[in-house]
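Report on one structure; see the data block that follows.
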Amino acid sequence: MTTMTPYRSTARNTRDGFGQLLHAEWTKFRTVRGWVIGMIIAVLVTAGIGIFVAAGGASPSCQAVNATGGQSGGCGGPTLTLGPGGEPVTDNFYFVRQPLAGNGSITVRVTSLTSLLPPARSELGTPPSRPGTVPWSKAGIIIGATSLSSPSAYAAMLVTGGNGVRMQWNYTGDTPGLPGAVSAASPRWLRLTRDGDTITGADSADGVHWTVVGVVRLAGLASTVQAGLFTASPTTPVSAVNIAGVTQGGGGETASTALFDRLSRTGAWPAGRWTGGYTEGDNAAEAQGIGGYRQAAGRITVTGQGDLAPAIPDQGQPGSSQPTIAIYLIGTFVGLIAVAVVATMFMTGEYRRGLIRTTLAASPRRDRVLAAKALVVGAVAFAAGLLGAAGAVIVGTHLADSRGSQVFPEPWPTELRMIVGTAALVAVVAVLTLAVATIVRRSVAAVTIIFAAIVLPFFLSAVATLPVGVADWLMRVTPAAAFALQQATPQYPQVQAYYAPVAGFYPLAPWVGFAVLCAWAALALLAAAYLLRRRDA
Amino acid sequence: MSLANAWQSPAGLPDALHAEWTKLRTLPGTGWLLLTAAALTIAVSAALDAATTAAACPPGGCQSDPVKLSLTGVQAGQAIVVIIAVLAVSGEYSTGMIRVTLTAMPRRLTVLAAKAAVVAGPVLAVGAVAVLASVLAGRLILPGHGFTQAHGYASLSLGSGPMLRAACGSVLYLALIALLSLGIATAVRESAVAIGLVLGLLYLFPIVTDVVGNQHWQRHLEQVAPMTTGLSIQATVSLSDLPLTPWQGLGVLAAWAAGALIVGALVLRFRDA
């Protein structure tokens, strides 16, 4: 008697492999014309809006000024130069200097630092006249400005209006020394010592007991450098415009005056006499009496304005800060809506047509189906985001250059981070949308949730004028925190400015903000996987 | 007899209205969504009233606008109105109900007109309640936050012309947003796409306007933006700074809504369902 062997397929059982699953999901995506068109639309609107913004970059009056060769850029605020680190810097302050040949040191006592603020409720450009405190007014000693025309390596010991003694170097370096304000009753002694490429900064409250604040190596410091006393006084920032449309105080120019005495030096100082002046040769301010130095009975008074610090986009007036390349990426949010619509339908489409039952029958391990879908839609969205962002920035920059509008310069790593970061943002939003669509299973609900979670917080914080506290909070906790990836200029603690999302400054560091979005996406994916497994399809 | 009668007189507008109203009324989500729209409008308005503090008006005239502030919630409530309107159309397509509807009422434009009427009606009613409650909330909350007569602000009263215009205009604004959404949803059928298009259209202009440097472009963008011009109906101070007068602004939104409805009507008329 023969036994019947049931039929067994000789094909290898590979259908359940993750590769096959990915391939299946990719085929689904690729063959639905609407979804592909949706992603193409995402690329086109992201890039298109950026290019549109670049084309409308400068108003005609601005172009006229630039065309006639207005050297300080007509609409762009002060001329920007690049510091040793490649970042734009402000490098204009009152400097009383002479050359120092080789090694040497300079020591001085500061007994007073006072400032004048712009008059309350004034027009821009009125000279400062109201006594007050400028938190980051600076007065002290500096070694290293080799050439006055272009910024170069330097180190400085300085007292500030509201942040104690600091040692600062190469624009971005900043270390705190003695705290507290300077006055005749509590003066501050400052010392800088040069030894080759190394500069040591020290401070003291009495001239006897010294504390080293910092030791910095300035690569490539020339053998003869400029050294001396300086005073700087940055402009005060414009403060907020709140939701009711109230402008809360304007910014403006300030001026500071410092009193030095007990100046002593070691080393070779061949010139033998001091020269004073603005490092950018700003004679106009000097003629107005804002800027100058006086020497009498061992005391030196130095008055000045300006700053030596990293530059941030000019915030001359509320709502009109100098554009950065971030404005070319403004189309991202429309691209996000398109991507969210496609990612939603990638999931809800399966439920609509009942395809989900086929999908789950073919691959019963439901979380792997979800993972494959997430990978496919994430990868496609990344590509779309990358194309859109790169197109917007590259074409936008060229267009703006050819039309003569001034855009705040960024080092290339920042530009790269903004472009790749935008692609990553779009990709993770696509995954988050897919997860939300799996949870709610309804297109309208999914798209609305994503809109309310990402686009709306971005709109309310970065465009509409919510109070800064609320805007910061929104950009910390909502998935929109990832828009921090598009922040062009870092936020410097030693530069006072209007740091708010509406001015392009987000409360979280770029990749931290991205991590917030990723955390939301991971949570949503977990919930989606759980529900997909527990629920009937 | 009745059969013959039914055959001879195809369903007219009253029948269509009745049918559409029955469909909308019996959907489980509609009531909740309308309630949410009202609640969101009132809650956001009240929250922003409470979060704002006004200083005394400068001599040149007040810069902040208590009327607009007390109606800010309309900007949140409109999102729910968009959902209601989109679902009224795309819901029929996703379930295939549209084929039954068009078989019963072959005059497609009549169907669309009836749909527009039954969506706009409840939105107007709920909008009126929400706007009234928002004004009331503003009247109760704002004087405690510096919007006092001593600071130069009049108390919110529907008796004053601009306030009445802002309140009535906000209700109309919500209805126009519903019609705009209805038109777009009829044209594209797919609910996700319709929602994305409406939201993109509403928010695209203000975001782009914010970063475009060219003042001419900026002004033109402001003049055609459906959301910002429509909302200018709420403005009661610095009217000269508006790109258009308040009623013109609402007219721009009405033009958008009419355009969307016409496109929707054409597509509905000439395409297979």
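Quick note on naming: the chains in the structure tokens go A, B, ... in the order shown, residues restart at 1 in each chain, and ligands are numbered from 1 in order of appearance.
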From a DSSP calculation on the backbone, collect every residue of segment 8-246 of chain B in helix (DSSP H, G or I) and output the set as JSON, numbers by chain. {"B": [8, 13, 14, 15, 16, 17, 18, 19, 20, 21, 22, 23, 24, 25, 26, 28, 29, 30, 31, 32, 33, 34, 35, 36, 37, 38, 39, 40, 41, 42, 43, 44, 45, 46, 47, 48, 49, 50, 51, 66, 67, 68, 69, 70, 74, 75, 76, 77, 78, 79, 80, 81, 82, 83, 84, 85, 86, 87, 88, 89, 90, 91, 92, 93, 94, 95, 97, 98, 99, 100, 101, 102, 103, 104, 108, 109, 110, 111, 112, 113, 114, 115, 116, 117, 118, 119, 120, 121, 122, 123, 124, 125, 126, 127, 128, 129, 130, 131, 132, 133, 134, 135, 136, 137, 138, 139, 140, 141, 142, 143, 144, 145, 161, 162, 163, 164, 165, 166, 167, 168, 169, 170, 171, 172, 173, 174, 175, 176, 177, 178, 179, 180, 181, 182, 183, 184, 185, 186, 187, 188, 191, 192, 193, 194, 195, 196, 197, 198, 199, 200, 201, 202, 203, 204, 205, 206, 207, 208, 209, 210, 211, 215, 216, 217, 218, 219, 220, 221, 222, 223, 224, 226, 227, 228, 229, 230, 231, 232, 233, 234, 239, 240, 241, 246]}
Can you check which parts of chain B lie within 8 Å of chain A? Per residue, the shortest pair of atoms and distance in Å to one decimal, counting only C-alpha atoms, sorted by chain and number, as a tab-separated table.
```
residue	atom	partner	partner_atom	distance
B:Thr52	CA	A:Ala244	CA	7.5
B:Gln63	CA	A:Val246	CA	5.9
B:Ser64	CA	A:Ala244	CA	4.8
B:Asp65	CA	A:Ala244	CA	6.1
B:Pro66	CA	A:Ala244	CA	7.6
B:Leu69	CA	A:Ala244	CA	6.3
B:Ile83	CA	A:Val444	CA	7.0
B:Leu87	CA	A:Val444	CA	7.8
B:Ser94	CA	A:Arg352	CA	7.4
B:Ser191	CA	A:Val444	CA	5.9
B:Ala192	CA	A:Ser443	CA	5.1
B:Val193	CA	A:Val341	CA	6.0
B:Ile195	CA	A:Val444	CA	6.7
B:Gly196	CA	A:Ile337	CA	5.8
B:Gly200	CA	A:Val334	CA	6.0
B:Tyr203	CA	A:Phe459	CA	8.0
B:Leu204	CA	A:Val334	CA	7.0
B:Pro206	CA	A:Val463	CA	7.7
B:Ile207	CA	A:Val463	CA	6.2
B:Val208	CA	A:Ile330	CA	7.0
B:Asp210	CA	A:Val463	CA	6.7
B:Val211	CA	A:Ile327	CA	6.1
B:Val212	CA	A:Val53	CA	5.2
B:Gly213	CA	A:Gly57	CA	4.6
B:Asn214	CA	A:Ser59	CA	3.8
B:Gln215	CA	A:Ser59	CA	5.7
B:His216	CA	A:Ser59	CA	7.5
B:Trp217	CA	A:Gly56	CA	6.7
```
Give me, as a ChimeraX atom specification, all polymer residues having an atom no more than 7 Å from Arg108 of chain B, counting only C-alpha atoms and skipping those fewer than 6 positions away in the same chain. /B:102,268-269
Which residues, written as a PyMOL selection string, have at least one atom at most 7 Å from Gln78 of chain B, with only C-alpha atoms counted and residues fewer than 4 positions away on the same chain left out? chain B and resi 74+82+174
If you count only C-alpha atoms, the residue of B:Ala137, B:Leu109, B:Leu158, B:Ile80 closest to Ala37 of chain B turns out to be B:Ile80
List the spatial neighbours of segment 195-207 of chain A as number ranges by chain - criterion: any atom at most 8 Å away, only C-alpha atoms, same-chain residues fewer than 2 positions off excluded. A: 102-104, 109, 155-157, 165, 167, 177-178, 186-193, 209-221, 223
Could you tell me how far atom CA of Thr81 of chain A lies from atom CA of Gly306 of chain A, in Å and to one decimal?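 About the pair atom CA of Thr81 of chain A and atom CA of Gly306 of chain A: they are 14.0 Å apart.
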Could you name the residues that touch Thr209 of chain B at 7 Å or less, counting only C-alpha atoms, but leaving out those on the same chain fewer than 5 positions away, as a list in words?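 The neighbour list is Gln218, Leu221 and Glu222 of chain B.
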Given the selection you just returned, output its residues as a file containing N, CA and C atoms, formatted as a compact mmCIF listing (two decimals), in the first residue's frame.
```txt
# COMPACT_ATOMS: atom_id res chain seq x y z
N GLN B 218 5.21 91.61 -1.37
CA GLN B 218 4.61 91.38 -0.07
C GLN B 218 3.16 91.87 -0.05
N LEU B 221 0.91 89.71 -2.21
CA LEU B 221 0.63 88.45 -1.52
C LEU B 221 -0.39 88.65 -0.42
N GLU B 222 -0.24 89.76 0.30
CA GLU B 222 -1.18 90.03 1.39
C GLU B 222 -2.58 90.25 0.85
```
May I have all residues of segment 160-246 of chain A that DSSP, computed from the backbone, assigns to strand (DSSP E), given as a PyMOL selection string? chain A and resi 160+165-169+173-176+188-195+198-204+211-217+224-232
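Between atom CA of Leu355 of chain A and atom CA of Trp26 of chain A there is a distance of 14.8 Å.
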When you look at Gly252 of chain A with a cut-off of 6 Å (counting only C-alpha atoms), what residues show up, excluding the ones that are within fewer than 4 positions of it in the same chain? I need them as a PyMOL selection string. chain A and resi 118+235-236
Could you take the residues named above and write them with C-alpha atoms, as an mmCIF file, in the first residue's frame?
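Listing of result-v5.cif after writing:
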```
data_model
loop_
_atom_site.group_PDB
_atom_site.id
_atom_site.type_symbol
_atom_site.label_atom_id
_atom_site.label_comp_id
_atom_site.auth_asym_id
_atom_site.auth_seq_id
_atom_site.Cartn_x
_atom_site.Cartn_y
_atom_site.Cartn_z
ATOM 1 C CA PRO A 118 19.320 105.198 23.215
ATOM 2 C CA THR A 235 23.626 97.929 20.000
ATOM 3 C CA THR A 236 20.732 96.907 22.193
#
```
